[in-house]
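To be precise, the following lines are final.cif, and they hold mmCIF, C-alpha atoms, pLDDT in the B column; chains and numbers go by the auth columns.
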data_my_file
#
loop_
_atom_site.group_PDB
_atom_site.id
_atom_site.type_symbol
_atom_site.label_atom_id
_atom_site.label_comp_id
_atom_site.label_asym_id
_atom_site.label_seq_id
_atom_site.Cartn_x
_atom_site.Cartn_y
_atom_site.Cartn_z
_atom_site.B_iso_or_equiv
_atom_site.auth_seq_id
_atom_site.auth_asym_id
ATOM 1 C CA GLU A 1 85.183 283.154 82.470 79.00 1 A
ATOM 2 C CA ASP A 2 84.391 283.704 78.794 82.00 2 A
ATOM 3 C CA GLN A 3 86.543 286.257 77.031 91.00 3 A
ATOM 4 C CA VAL A 4 86.143 287.819 73.598 97.00 4 A
ATOM 5 C CA THR A 5 88.701 290.196 72.077 97.00 5 A
ATOM 6 C CA GLN A 6 88.214 292.001 68.795 98.00 6 A
ATOM 7 C CA SER A 7 90.802 293.728 66.644 97.00 7 A
ATOM 8 C CA PRO A 8 91.360 296.263 65.364 97.00 8 A
ATOM 9 C CA GLU A 9 89.263 298.664 67.473 97.00 9 A
ATOM 10 C CA ALA A 10 88.735 300.845 64.410 98.00 10 A
ATOM 11 C CA LEU A 11 89.363 300.346 60.708 98.00 11 A
ATOM 12 C CA ARG A 12 89.138 302.861 57.927 98.00 12 A
ATOM 13 C CA LEU A 13 88.968 301.565 54.343 97.00 13 A
ATOM 14 C CA GLN A 14 88.534 303.015 50.915 98.00 14 A
ATOM 15 C CA GLU A 15 85.567 301.773 48.927 97.00 15 A
ATOM 16 C CA GLY A 16 86.581 298.514 47.237 97.00 16 A
ATOM 17 C CA GLU A 17 89.501 297.870 49.615 97.00 17 A
ATOM 18 C CA SER A 18 89.005 294.384 51.098 98.00 18 A
ATOM 19 C CA SER A 19 90.048 293.556 54.664 98.00 19 A
ATOM 20 C CA SER A 20 89.385 291.293 57.652 98.00 20 A
ATOM 21 C CA LEU A 21 88.248 291.778 61.233 98.00 21 A
ATOM 22 C CA ASN A 22 89.440 289.431 63.958 98.00 22 A
ATOM 23 C CA CYS A 23 87.667 287.945 66.964 98.00 23 A
ATOM 24 C CA SER A 24 89.662 285.861 69.458 97.00 24 A
ATOM 25 C CA TYR A 25 87.756 283.964 72.113 96.00 25 A
ATOM 26 C CA THR A 26 88.206 281.869 75.236 93.00 26 A
ATOM 27 C CA VAL A 27 85.244 279.795 76.339 90.00 27 A
ATOM 28 C CA SER A 28 84.917 276.546 78.267 88.00 28 A
ATOM 29 C CA GLY A 29 82.498 275.032 75.759 89.00 29 A
ATOM 30 C CA LEU A 30 81.460 276.842 72.601 91.00 30 A
ATOM 31 C CA ARG A 31 77.871 276.442 71.483 91.00 31 A
ATOM 32 C CA GLY A 32 78.086 279.174 68.854 93.00 32 A
ATOM 33 C CA LEU A 33 79.973 282.257 67.720 95.00 33 A
ATOM 34 C CA PHE A 34 77.878 285.157 66.507 96.00 34 A
ATOM 35 C CA TRP A 35 78.576 288.218 64.380 97.00 35 A
ATOM 36 C CA TYR A 36 76.364 291.284 64.654 97.00 36 A
ATOM 37 C CA ARG A 37 76.301 294.650 62.923 97.00 37 A
ATOM 38 C CA GLN A 38 75.397 297.752 64.942 97.00 38 A
ATOM 39 C CA ASP A 39 74.558 301.144 63.471 96.00 39 A
ATOM 40 C CA PRO A 40 74.685 304.292 65.638 94.00 40 A
ATOM 41 C CA GLY A 41 71.640 304.597 67.909 91.00 41 A
ATOM 42 C CA LYS A 42 70.400 301.117 67.041 94.00 42 A
ATOM 43 C CA GLY A 43 70.555 297.694 68.613 95.00 43 A
ATOM 44 C CA PRO A 44 72.795 294.967 67.177 96.00 44 A
ATOM 45 C CA GLU A 45 71.531 293.209 64.047 95.00 45 A
ATOM 46 C CA PHE A 46 72.267 289.501 63.554 93.00 46 A
ATOM 47 C CA LEU A 47 74.600 288.541 60.690 95.00 47 A
ATOM 48 C CA PHE A 48 75.964 284.995 61.187 92.00 48 A
ATOM 49 C CA THR A 49 76.272 282.086 63.586 94.00 49 A
ATOM 50 C CA LEU A 50 79.180 279.627 63.340 95.00 50 A
ATOM 51 C CA TYR A 51 79.125 276.400 65.327 93.00 51 A
ATOM 52 C CA SER A 52 82.274 274.429 64.560 93.00 52 A
ATOM 53 C CA ALA A 53 85.865 274.974 63.451 94.00 53 A
ATOM 54 C CA GLY A 54 86.175 275.099 59.682 96.00 54 A
ATOM 55 C CA GLU A 55 82.671 276.422 59.160 96.00 55 A
ATOM 56 C CA GLU A 56 82.184 279.388 56.796 97.00 56 A
ATOM 57 C CA LYS A 57 79.146 281.527 56.030 97.00 57 A
ATOM 58 C CA GLU A 58 78.623 284.278 53.474 97.00 58 A
ATOM 59 C CA LYS A 59 76.217 287.128 53.008 94.00 59 A
ATOM 60 C CA GLU A 60 76.702 289.632 50.214 95.00 60 A
ATOM 61 C CA ARG A 61 80.178 291.155 50.721 96.00 61 A
ATOM 62 C CA LEU A 62 80.703 289.490 54.122 98.00 62 A
ATOM 63 C CA LYS A 63 82.206 286.103 54.881 98.00 63 A
ATOM 64 C CA ALA A 64 82.697 284.695 58.371 98.00 64 A
ATOM 65 C CA THR A 65 85.085 281.865 59.243 98.00 65 A
ATOM 66 C CA LEU A 66 85.800 279.992 62.483 97.00 66 A
ATOM 67 C CA THR A 67 88.783 278.196 63.998 94.00 67 A
ATOM 68 C CA LYS A 68 89.131 276.735 67.491 91.00 68 A
ATOM 69 C CA LYS A 69 90.442 280.009 68.879 93.00 69 A
ATOM 70 C CA GLU A 70 89.281 282.804 66.588 97.00 70 A
ATOM 71 C CA SER A 71 86.901 283.974 63.933 98.00 71 A
ATOM 72 C CA PHE A 72 87.392 286.310 61.014 98.00 72 A
ATOM 73 C CA LEU A 73 84.913 288.530 59.259 98.00 73 A
ATOM 74 C CA HIS A 74 86.156 289.150 55.731 98.00 74 A
ATOM 75 C CA ILE A 75 84.776 292.147 53.877 98.00 75 A
ATOM 76 C CA THR A 76 85.222 292.032 50.113 98.00 76 A
ATOM 77 C CA ALA A 77 85.048 295.234 48.060 97.00 77 A
ATOM 78 C CA PRO A 78 83.249 297.181 50.820 97.00 78 A
ATOM 79 C CA LYS A 79 80.856 300.027 50.144 97.00 79 A
ATOM 80 C CA PRO A 80 80.160 303.092 52.302 97.00 80 A
ATOM 81 C CA GLU A 81 76.909 301.485 53.497 97.00 81 A
ATOM 82 C CA ASP A 82 79.003 298.775 55.175 98.00 82 A
ATOM 83 C CA SER A 83 80.201 301.387 57.668 98.00 83 A
ATOM 84 C CA ALA A 84 79.100 300.247 61.137 98.00 84 A
ATOM 85 C CA THR A 85 80.398 298.622 64.301 98.00 85 A
ATOM 86 C CA TYR A 86 80.818 294.868 63.956 98.00 86 A
ATOM 87 C CA LEU A 87 80.385 292.856 67.142 98.00 87 A
ATOM 88 C CA CYS A 88 81.465 289.304 67.842 97.00 88 A
ATOM 89 C CA ALA A 89 79.848 287.243 70.612 96.00 89 A
ATOM 90 C CA VAL A 90 80.083 283.708 72.012 95.00 90 A
ATOM 91 C CA GLU A 91 77.469 281.488 73.560 92.00 91 A
ATOM 92 C CA GLU A 92 78.514 278.713 75.951 88.00 92 A
ATOM 93 C CA THR A 93 77.054 275.241 75.805 84.00 93 A
ATOM 94 C CA SER A 94 75.877 275.680 79.401 81.00 94 A
ATOM 95 C CA GLY A 95 73.781 278.807 78.961 76.00 95 A
ATOM 96 C CA SER A 96 71.945 281.121 76.623 81.00 96 A
ATOM 97 C CA ARG A 97 73.622 284.436 77.379 90.00 97 A
ATOM 98 C CA LEU A 98 75.974 286.032 74.866 93.00 98 A
ATOM 99 C CA THR A 99 79.394 287.403 75.803 94.00 99 A
ATOM 100 C CA PHE A 100 80.318 290.207 73.420 96.00 100 A
ATOM 101 C CA GLY A 101 83.633 291.672 72.358 97.00 101 A
ATOM 102 C CA GLU A 102 84.193 295.414 72.279 97.00 102 A
ATOM 103 C CA GLY A 103 83.535 295.653 68.556 97.00 103 A
ATOM 104 C CA THR A 104 85.375 296.964 65.517 98.00 104 A
ATOM 105 C CA GLN A 105 84.218 300.309 64.178 98.00 105 A
ATOM 106 C CA LEU A 106 84.455 300.133 60.392 98.00 106 A
ATOM 107 C CA THR A 107 84.400 303.240 58.206 98.00 107 A
ATOM 108 C CA VAL A 108 84.344 302.886 54.417 98.00 108 A
ATOM 109 C CA ASN A 109 85.118 306.075 52.524 97.00 109 A
ATOM 110 C CA PRO A 110 83.766 306.631 48.985 96.00 110 A
ATOM 111 C CA ASP B 1 56.106 297.406 63.535 51.00 1 B
ATOM 112 C CA THR B 2 56.645 293.860 64.706 73.00 2 B
ATOM 113 C CA GLY B 3 60.130 294.343 66.153 92.00 3 B
ATOM 114 C CA VAL B 4 61.264 294.707 69.763 96.00 4 B
ATOM 115 C CA SER B 5 60.000 298.000 71.148 96.00 5 B
ATOM 116 C CA GLN B 6 61.636 299.924 73.994 98.00 6 B
ATOM 117 C CA ASP B 7 60.339 302.947 75.841 97.00 7 B
ATOM 118 C CA PRO B 8 61.523 305.586 76.435 97.00 8 B
ATOM 119 C CA ARG B 9 64.291 306.004 73.843 97.00 9 B
ATOM 120 C CA HIS B 10 66.093 308.503 76.026 97.00 10 B
ATOM 121 C CA LYS B 11 65.977 309.233 79.744 98.00 11 B
ATOM 122 C CA ILE B 12 67.817 311.948 81.644 98.00 12 B
ATOM 123 C CA THR B 13 67.664 311.768 85.408 98.00 13 B
ATOM 124 C CA LYS B 14 69.404 313.142 88.456 97.00 14 B
ATOM 125 C CA ARG B 15 71.563 310.989 90.661 97.00 15 B
ATOM 126 C CA GLY B 16 69.526 309.265 93.334 97.00 16 B
ATOM 127 C CA GLN B 17 66.280 309.132 91.361 98.00 17 B
ATOM 128 C CA ASN B 18 64.541 305.906 90.339 98.00 18 B
ATOM 129 C CA VAL B 19 63.943 305.087 86.677 98.00 19 B
ATOM 130 C CA THR B 20 61.931 302.396 84.913 98.00 20 B
ATOM 131 C CA PHE B 21 62.249 301.179 81.336 98.00 21 B
ATOM 132 C CA ARG B 22 59.797 299.085 79.371 98.00 22 B
ATOM 133 C CA CYS B 23 60.387 296.458 76.694 98.00 23 B
ATOM 134 C CA ASP B 24 57.779 294.900 74.429 97.00 24 B
ATOM 135 C CA PRO B 25 59.244 291.807 72.752 96.00 25 B
ATOM 136 C CA ILE B 26 58.270 290.303 69.444 93.00 26 B
ATOM 137 C CA SER B 27 54.916 288.623 69.836 90.00 27 B
ATOM 138 C CA GLU B 28 55.184 284.951 70.853 85.00 28 B
ATOM 139 C CA HIS B 29 58.879 285.193 71.740 91.00 29 B
ATOM 140 C CA ASN B 30 59.267 283.286 74.995 91.00 30 B
ATOM 141 C CA ARG B 31 62.738 284.549 75.898 93.00 31 B
ATOM 142 C CA LEU B 32 63.512 288.117 76.827 95.00 32 B
ATOM 143 C CA TYR B 33 66.950 289.506 77.639 96.00 33 B
ATOM 144 C CA TRP B 34 68.334 292.728 79.070 97.00 34 B
ATOM 145 C CA TYR B 35 71.815 293.912 78.147 97.00 35 B
ATOM 146 C CA ARG B 36 73.705 297.100 79.013 97.00 36 B
ATOM 147 C CA GLN B 37 76.096 298.835 76.640 97.00 37 B
ATOM 148 C CA THR B 38 78.455 301.727 77.376 96.00 38 B
ATOM 149 C CA LEU B 39 80.183 303.830 74.728 93.00 39 B
ATOM 150 C CA GLY B 40 82.864 301.926 72.849 92.00 40 B
ATOM 151 C CA GLN B 41 81.998 298.613 74.497 95.00 41 B
ATOM 152 C CA GLY B 42 79.989 295.599 73.502 96.00 42 B
ATOM 153 C CA PRO B 43 76.708 294.776 75.244 97.00 43 B
ATOM 154 C CA GLU B 44 76.939 293.126 78.691 96.00 44 B
ATOM 155 C CA PHE B 45 74.367 290.584 79.793 95.00 45 B
ATOM 156 C CA LEU B 46 72.175 291.614 82.735 96.00 46 B
ATOM 157 C CA THR B 47 69.329 289.113 82.995 96.00 47 B
ATOM 158 C CA TYR B 48 66.959 286.900 81.049 93.00 48 B
ATOM 159 C CA PHE B 49 63.428 285.536 81.285 94.00 49 B
ATOM 160 C CA GLN B 50 61.733 282.544 79.823 92.00 50 B
ATOM 161 C CA ASN B 51 58.056 283.419 79.867 92.00 51 B
ATOM 162 C CA GLU B 52 57.537 285.028 83.298 93.00 52 B
ATOM 163 C CA ALA B 53 60.384 283.198 85.042 94.00 53 B
ATOM 164 C CA GLN B 54 63.668 285.047 85.575 93.00 54 B
ATOM 165 C CA LEU B 55 66.180 282.279 84.883 92.00 55 B
ATOM 166 C CA GLU B 56 69.530 284.019 85.105 91.00 56 B
ATOM 167 C CA LYS B 57 70.980 287.215 86.568 92.00 57 B
ATOM 168 C CA SER B 58 74.453 288.587 86.011 91.00 58 B
ATOM 169 C CA ARG B 59 76.728 289.305 88.951 87.00 59 B
ATOM 170 C CA LEU B 60 76.864 292.815 87.470 79.00 60 B
ATOM 171 C CA LEU B 61 73.237 293.309 88.473 84.00 61 B
ATOM 172 C CA SER B 62 73.354 295.050 91.838 88.00 62 B
ATOM 173 C CA ASP B 63 70.501 295.118 94.343 92.00 63 B
ATOM 174 C CA ARG B 64 69.445 298.470 92.911 96.00 64 B
ATOM 175 C CA PHE B 65 68.385 296.763 89.677 96.00 65 B
ATOM 176 C CA SER B 66 65.200 294.755 89.371 96.00 66 B
ATOM 177 C CA ALA B 67 63.507 293.293 86.333 96.00 67 B
ATOM 178 C CA GLU B 68 60.064 291.816 85.936 96.00 68 B
ATOM 179 C CA ARG B 69 58.030 290.121 83.265 96.00 69 B
ATOM 180 C CA PRO B 70 54.720 289.638 85.055 91.00 70 B
ATOM 181 C CA LYS B 71 52.624 287.952 82.395 86.00 71 B
ATOM 182 C CA GLY B 72 55.328 286.641 80.149 85.00 72 B
ATOM 183 C CA SER B 73 54.824 289.451 77.654 90.00 73 B
ATOM 184 C CA PHE B 74 56.364 292.899 78.250 96.00 74 B
ATOM 185 C CA SER B 75 59.173 293.451 80.740 97.00 75 B
ATOM 186 C CA THR B 76 60.285 296.336 82.939 98.00 76 B
ATOM 187 C CA LEU B 77 63.757 297.145 84.240 98.00 77 B
ATOM 188 C CA GLU B 78 63.909 299.424 87.281 97.00 78 B
ATOM 189 C CA ILE B 79 67.018 301.108 88.622 97.00 79 B
ATOM 190 C CA GLN B 80 66.711 302.555 92.119 97.00 80 B
ATOM 191 C CA ARG B 81 68.902 305.351 93.494 97.00 81 B
ATOM 192 C CA THR B 82 70.639 305.886 90.167 97.00 82 B
ATOM 193 C CA GLU B 83 74.366 306.601 90.075 96.00 83 B
ATOM 194 C CA GLN B 84 76.440 308.255 87.361 96.00 84 B
ATOM 195 C CA GLY B 85 77.970 304.880 86.554 95.00 85 B
ATOM 196 C CA ASP B 86 74.529 303.651 85.510 96.00 86 B
ATOM 197 C CA SER B 87 74.666 305.894 82.432 97.00 87 B
ATOM 198 C CA ALA B 88 74.506 303.531 79.455 97.00 88 B
ATOM 199 C CA MET B 89 72.321 302.176 76.682 97.00 89 B
ATOM 200 C CA TYR B 90 69.948 299.521 78.024 98.00 90 B
ATOM 201 C CA LEU B 91 69.092 297.007 75.328 98.00 91 B
ATOM 202 C CA CYS B 92 66.251 294.537 75.329 98.00 92 B
ATOM 203 C CA ALA B 93 66.196 291.490 73.070 96.00 93 B
ATOM 204 C CA SER B 94 63.832 288.603 72.494 95.00 94 B
ATOM 205 C CA SER B 95 63.946 285.188 70.899 91.00 95 B
ATOM 206 C CA PRO B 96 61.796 282.089 70.572 87.00 96 B
ATOM 207 C CA VAL B 97 62.755 279.080 72.691 77.00 97 B
ATOM 208 C CA TYR B 98 63.504 277.086 69.557 77.00 98 B
ATOM 209 C CA GLY B 99 66.117 278.782 67.407 69.00 99 B
ATOM 210 C CA GLY B 100 67.859 280.444 70.347 75.00 100 B
ATOM 211 C CA ASN B 101 70.293 283.245 69.772 75.00 101 B
ATOM 212 C CA GLU B 102 70.189 282.755 66.006 76.00 102 B
ATOM 213 C CA LYS B 103 66.757 284.322 66.197 79.00 103 B
ATOM 214 C CA LEU B 104 67.632 286.974 68.791 88.00 104 B
ATOM 215 C CA PHE B 105 66.315 290.402 67.891 93.00 105 B
ATOM 216 C CA PHE B 106 67.381 293.553 69.698 96.00 106 B
ATOM 217 C CA GLY B 107 65.413 296.716 70.273 96.00 107 B
ATOM 218 C CA SER B 108 66.937 300.154 69.685 96.00 108 B
ATOM 219 C CA GLY B 109 67.571 300.612 73.384 97.00 109 B
ATOM 220 C CA THR B 110 66.928 303.197 76.078 98.00 110 B
ATOM 221 C CA GLN B 111 69.780 305.668 76.494 97.00 111 B
ATOM 222 C CA LEU B 112 70.089 306.626 80.171 98.00 112 B
ATOM 223 C CA SER B 113 72.026 309.693 81.284 98.00 113 B
ATOM 224 C CA VAL B 114 72.468 310.203 85.025 98.00 114 B
ATOM 225 C CA LEU B 115 73.509 313.754 85.943 96.00 115 B
#
Mind turning this structure into structure tokens?
Amino acid sequence: EDQVTQSPEALRLQEGESSSLNCSYTVSGLRGLFWYRQDPGKGPEFLFTLYSAGEEKEKERLKATLTKKESFLHITAPKPEDSATYLCAVEETSGSRLTFGEGTQLTVNP
Amino acid sequence: DTGVSQDPRHKITKRGQNVTFRCDPISEHNRLYWYRQTLGQGPEFLTYFQNEAQLEKSRLLSDRFSAERPKGSFSTLEIQRTEQGDSAMYLCASSPVYGGNEKLFFGSGTQLSVL
């Protein structure tokens, strides 16, 4: 059974203080690893998909990386508007459903 | 608004009552998914449709849950004889067949509270 574990559960940063979120996964065959952002009262919003170990993708202050067992979401010089819950999910080669982790709640203080 | 639309946004019901939620996907999206999310957890897959065919159901989906997508457009999710454990956010998402989960868009969800 697919398993996705995210750490830390919550992270509080000062504006400009860079950090990383971790996503560890166990899946029989990985088709893709996804990162989503979720704001309170909203559905998840797609950020990145990574398909193979060594792949990296960037968007503004966010950079996602992938190894064979985990993914990192690096946040460089965060701003208060980056405050949200960040969700990691995996998709198996055999299906189209996503298995999500529990998320990391990020708070960036001004 | 061309996003995924869910109705109602909030539903409060008493234990034992039946409830029905509606999802209108993005136009021309063939795939439609239902997920459930409880506080502090990530979304859990419930079921998915390709056009009008229900292709996969989670083992989490008890007999009290039924989903339909009669004409391959909007979908409904019905919960019969609701229980307090059914309290959650029910999320609908849609995607085109080509592009898969990279083009998966979620609605804002229906928040269900069972008293």
Please report as a compact mmCIF listing (two decimals) with C-alpha atoms, keeping the file's coordinate frame which residues of chain B come no farther than 10 Å from chain A, using only C-alpha atoms.
# COMPACT_ATOMS: atom_id res chain seq x y z
CA VAL B 4 61.26 294.71 69.76
CA ARG B 9 64.29 306.00 73.84
CA ARG B 31 62.74 284.55 75.90
CA TYR B 33 66.95 289.51 77.64
CA TRP B 34 68.33 292.73 79.07
CA TYR B 35 71.82 293.91 78.15
CA GLN B 37 76.10 298.83 76.64
CA THR B 38 78.46 301.73 77.38
CA LEU B 39 80.18 303.83 74.73
CA GLY B 40 82.86 301.93 72.85
CA GLN B 41 82.00 298.61 74.50
CA GLY B 42 79.99 295.60 73.50
CA PRO B 43 76.71 294.78 75.24
CA GLU B 44 76.94 293.13 78.69
CA PHE B 45 74.37 290.58 79.79
CA LEU B 46 72.18 291.61 82.74
CA THR B 47 69.33 289.11 83.00
CA TYR B 48 66.96 286.90 81.05
CA GLU B 56 69.53 284.02 85.10
CA LYS B 57 70.98 287.21 86.57
CA SER B 58 74.45 288.59 86.01
CA MET B 89 72.32 302.18 76.68
CA TYR B 90 69.95 299.52 78.02
CA LEU B 91 69.09 297.01 75.33
CA CYS B 92 66.25 294.54 75.33
CA ALA B 93 66.20 291.49 73.07
CA GLY B 100 67.86 280.44 70.35
CA ASN B 101 70.29 283.24 69.77
CA GLU B 102 70.19 282.76 66.01
CA LYS B 103 66.76 284.32 66.20
CA LEU B 104 67.63 286.97 68.79
CA PHE B 105 66.32 290.40 67.89
CA PHE B 106 67.38 293.55 69.70
CA GLY B 107 65.41 296.72 70.27
CA SER B 108 66.94 300.15 69.68
CA GLY B 109 67.57 300.61 73.38
CA THR B 110 66.93 303.20 76.08
CA GLN B 111 69.78 305.67 76.49
Expanded to explicit residues, what is the PyMOL selection byres ((chain A and resi 68) around 12) for this file, as an mmCIF file with C-alpha atoms, in the frame of the given file?
data_model
loop_
_atom_site.group_PDB
_atom_site.id
_atom_site.type_symbol
_atom_site.label_atom_id
_atom_site.label_comp_id
_atom_site.auth_asym_id
_atom_site.auth_seq_id
_atom_site.Cartn_x
_atom_site.Cartn_y
_atom_site.Cartn_z
ATOM 1 C CA CYS A 23 87.667 287.945 66.964
ATOM 2 C CA SER A 24 89.662 285.861 69.458
ATOM 3 C CA TYR A 25 87.756 283.964 72.113
ATOM 4 C CA THR A 26 88.206 281.869 75.236
ATOM 5 C CA VAL A 27 85.244 279.795 76.339
ATOM 6 C CA SER A 28 84.917 276.546 78.267
ATOM 7 C CA GLY A 29 82.498 275.032 75.759
ATOM 8 C CA LEU A 30 81.460 276.842 72.601
ATOM 9 C CA ARG A 31 77.871 276.442 71.483
ATOM 10 C CA GLY A 32 78.086 279.174 68.854
ATOM 11 C CA LEU A 33 79.973 282.257 67.720
ATOM 12 C CA LEU A 50 79.180 279.627 63.340
ATOM 13 C CA TYR A 51 79.125 276.400 65.327
ATOM 14 C CA SER A 52 82.274 274.429 64.560
ATOM 15 C CA ALA A 53 85.865 274.974 63.451
ATOM 16 C CA GLY A 54 86.175 275.099 59.682
ATOM 17 C CA GLU A 55 82.671 276.422 59.160
ATOM 18 C CA THR A 65 85.085 281.865 59.243
ATOM 19 C CA LEU A 66 85.800 279.992 62.483
ATOM 20 C CA THR A 67 88.783 278.196 63.998
ATOM 21 C CA LYS A 69 90.442 280.009 68.879
ATOM 22 C CA GLU A 70 89.281 282.804 66.588
ATOM 23 C CA SER A 71 86.901 283.974 63.933
ATOM 24 C CA PHE A 72 87.392 286.310 61.014
#
Atom pair CA of Pro70 (chain B) / CA of Gly16 (chain B): separation (Å): 25.9 Å
Please list as a tab-separated table (two decimals) with C-alpha atoms, in the frame of the given file every residue within 6 Å of Ser75 (chain B), counting all atoms listed in the file and excluding residues in the same chain fewer than 5 positions away.
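Result went into out.tsv, see below:
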chain	number	residue	atom	x	y	z
B	22	ARG	CA	59.80	299.08	79.37
B	23	CYS	CA	60.39	296.46	76.69
B	68	GLU	CA	60.06	291.82	85.94
B	69	ARG	CA	58.03	290.12	83.26
Atomic separation - CA of Ala64 (chain A) relative to CA of Trp35 (chain A), Å: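 If I compute the distance from CA of Trp35 (chain A) to CA of Ala64 (chain A), I get 8.1 Å.
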Radius query 8 Å about (88.5, 288.4, 49.1), atoms used: all atoms listed in the file, as a ChimeraX atom specification: /A:18-19,74-77
Include C-alpha atoms and write out the residues we just selected as a CSV table (one decimal), in the coordinates of the input.
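That gives us selection_34.csv:
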chain,number,residue,atom,x,y,z
A,18,SER,CA,89.0,294.4,51.1
A,19,SER,CA,90.0,293.6,54.7
A,74,HIS,CA,86.2,289.2,55.7
A,75,ILE,CA,84.8,292.1,53.9
A,76,THR,CA,85.2,292.0,50.1
A,77,ALA,CA,85.0,295.2,48.1
Residues matched by the PyMOL selection byres ((chain B and resi 19) around 6) as a VMD selection string: chain B and resid 18 20 78 to 79
Atomic separation - CA of Thr5 (chain A) relative to CA of Glu92 (chain A), Å: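 Computed distance, CA of Glu92 (chain A) to CA of Thr5 (chain A), equals 15.8 Å.
Using only C-alpha atoms for every distance, the candidate list B:His29, B:Arg64, B:Lys71, B:His10 yields B:His10 as the residue closest to Ala88 (chain B).
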Exercise: Glu28 (chain B) partners within 10 Å, all atoms listed in the file, chain neighbours under 2 positions left out, as a PyMOL selection string: chain B and resi 25-26+30-31+51+72-73+94-97
Residue with smallest distance to Gly16 (chain A) - pool A:Pro80, A:Tyr36, A:Leu73, A:Asp2, counting only C-alpha atoms: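 Ranking A:Pro80, A:Tyr36, A:Leu73, A:Asp2 by distance to Gly16 (chain A), first place goes to A:Pro80.
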Report, as JSON, the centre and edge lengths in Å (one decimal) of the axis-aligned box enclosing every listed atom of region 60-77 of chain B, padded by 6 Å on each side.
{"center_x": 64.7, "center_y": 292.6, "center_z": 86.0, "size_x": 36.2, "size_y": 23.8, "size_z": 28.7}
Explicit residues for the PyMOL selection byres ((chain A and resi 83) around 6) (as a list in words):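 On the file shown, the PyMOL selection byres ((chain A and resi 83) around 6) covers Pro80, Glu81, Asp82, Ala84, Leu106, Thr107 and Val108 of chain A.
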Neighbours of Gln14 (chain A) within 8 Å (all atoms listed in the file; same-chain residues fewer than 4 positions away dropped), as a compact mmCIF listing (two decimals) with C-alpha atoms, in the coordinates of the input?
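New file selection_38.txt:
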# COMPACT_ATOMS: atom_id res chain seq x y z
CA PRO A 78 83.25 297.18 50.82
CA VAL A 108 84.34 302.89 54.42
CA ASN A 109 85.12 306.08 52.52
CA PRO A 110 83.77 306.63 48.98
What would region 42-46 of chain B look like with all heavy atoms in place, written as a short mmCIF file (atom, residue, chain, number, x, y, z; two decimals), keeping the file's coordinate frame?
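The file below, out_26.cif, is the result:
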data_model
loop_
_atom_site.label_atom_id
_atom_site.label_comp_id
_atom_site.auth_asym_id
_atom_site.auth_seq_id
_atom_site.Cartn_x
_atom_site.Cartn_y
_atom_site.Cartn_z
N GLY B 42 81.07 296.47 73.93
CA GLY B 42 79.99 295.60 73.50
C GLY B 42 78.93 295.46 74.58
O GLY B 42 79.18 295.81 75.74
N PRO B 43 77.75 294.97 74.24
CA PRO B 43 76.71 294.78 75.24
C PRO B 43 77.14 293.78 76.32
O PRO B 43 77.83 292.80 76.03
CB PRO B 43 75.53 294.22 74.43
CG PRO B 43 75.79 294.64 73.02
CD PRO B 43 77.27 294.66 72.87
N GLU B 44 76.69 294.03 77.57
CA GLU B 44 76.94 293.13 78.69
C GLU B 44 75.61 292.56 79.16
O GLU B 44 74.66 293.30 79.39
CB GLU B 44 77.57 293.88 79.86
CG GLU B 44 78.99 294.34 79.66
CD GLU B 44 79.48 295.11 80.88
OE1 GLU B 44 78.85 296.11 81.26
OE2 GLU B 44 80.50 294.69 81.46
N PHE B 45 75.57 291.27 79.35
CA PHE B 45 74.37 290.58 79.79
C PHE B 45 73.98 291.03 81.20
O PHE B 45 74.83 291.13 82.10
CB PHE B 45 74.61 289.08 79.78
CG PHE B 45 73.52 288.26 80.41
CD1 PHE B 45 72.38 287.94 79.71
CD2 PHE B 45 73.65 287.80 81.71
CE1 PHE B 45 71.38 287.19 80.30
CE2 PHE B 45 72.66 287.04 82.31
CZ PHE B 45 71.52 286.74 81.59
N LEU B 46 72.68 291.29 81.40
CA LEU B 46 72.18 291.61 82.74
C LEU B 46 71.29 290.50 83.29
O LEU B 46 71.51 289.99 84.38
CB LEU B 46 71.37 292.93 82.70
CG LEU B 46 72.16 294.20 82.39
CD1 LEU B 46 71.21 295.39 82.34
CD2 LEU B 46 73.25 294.42 83.43
#
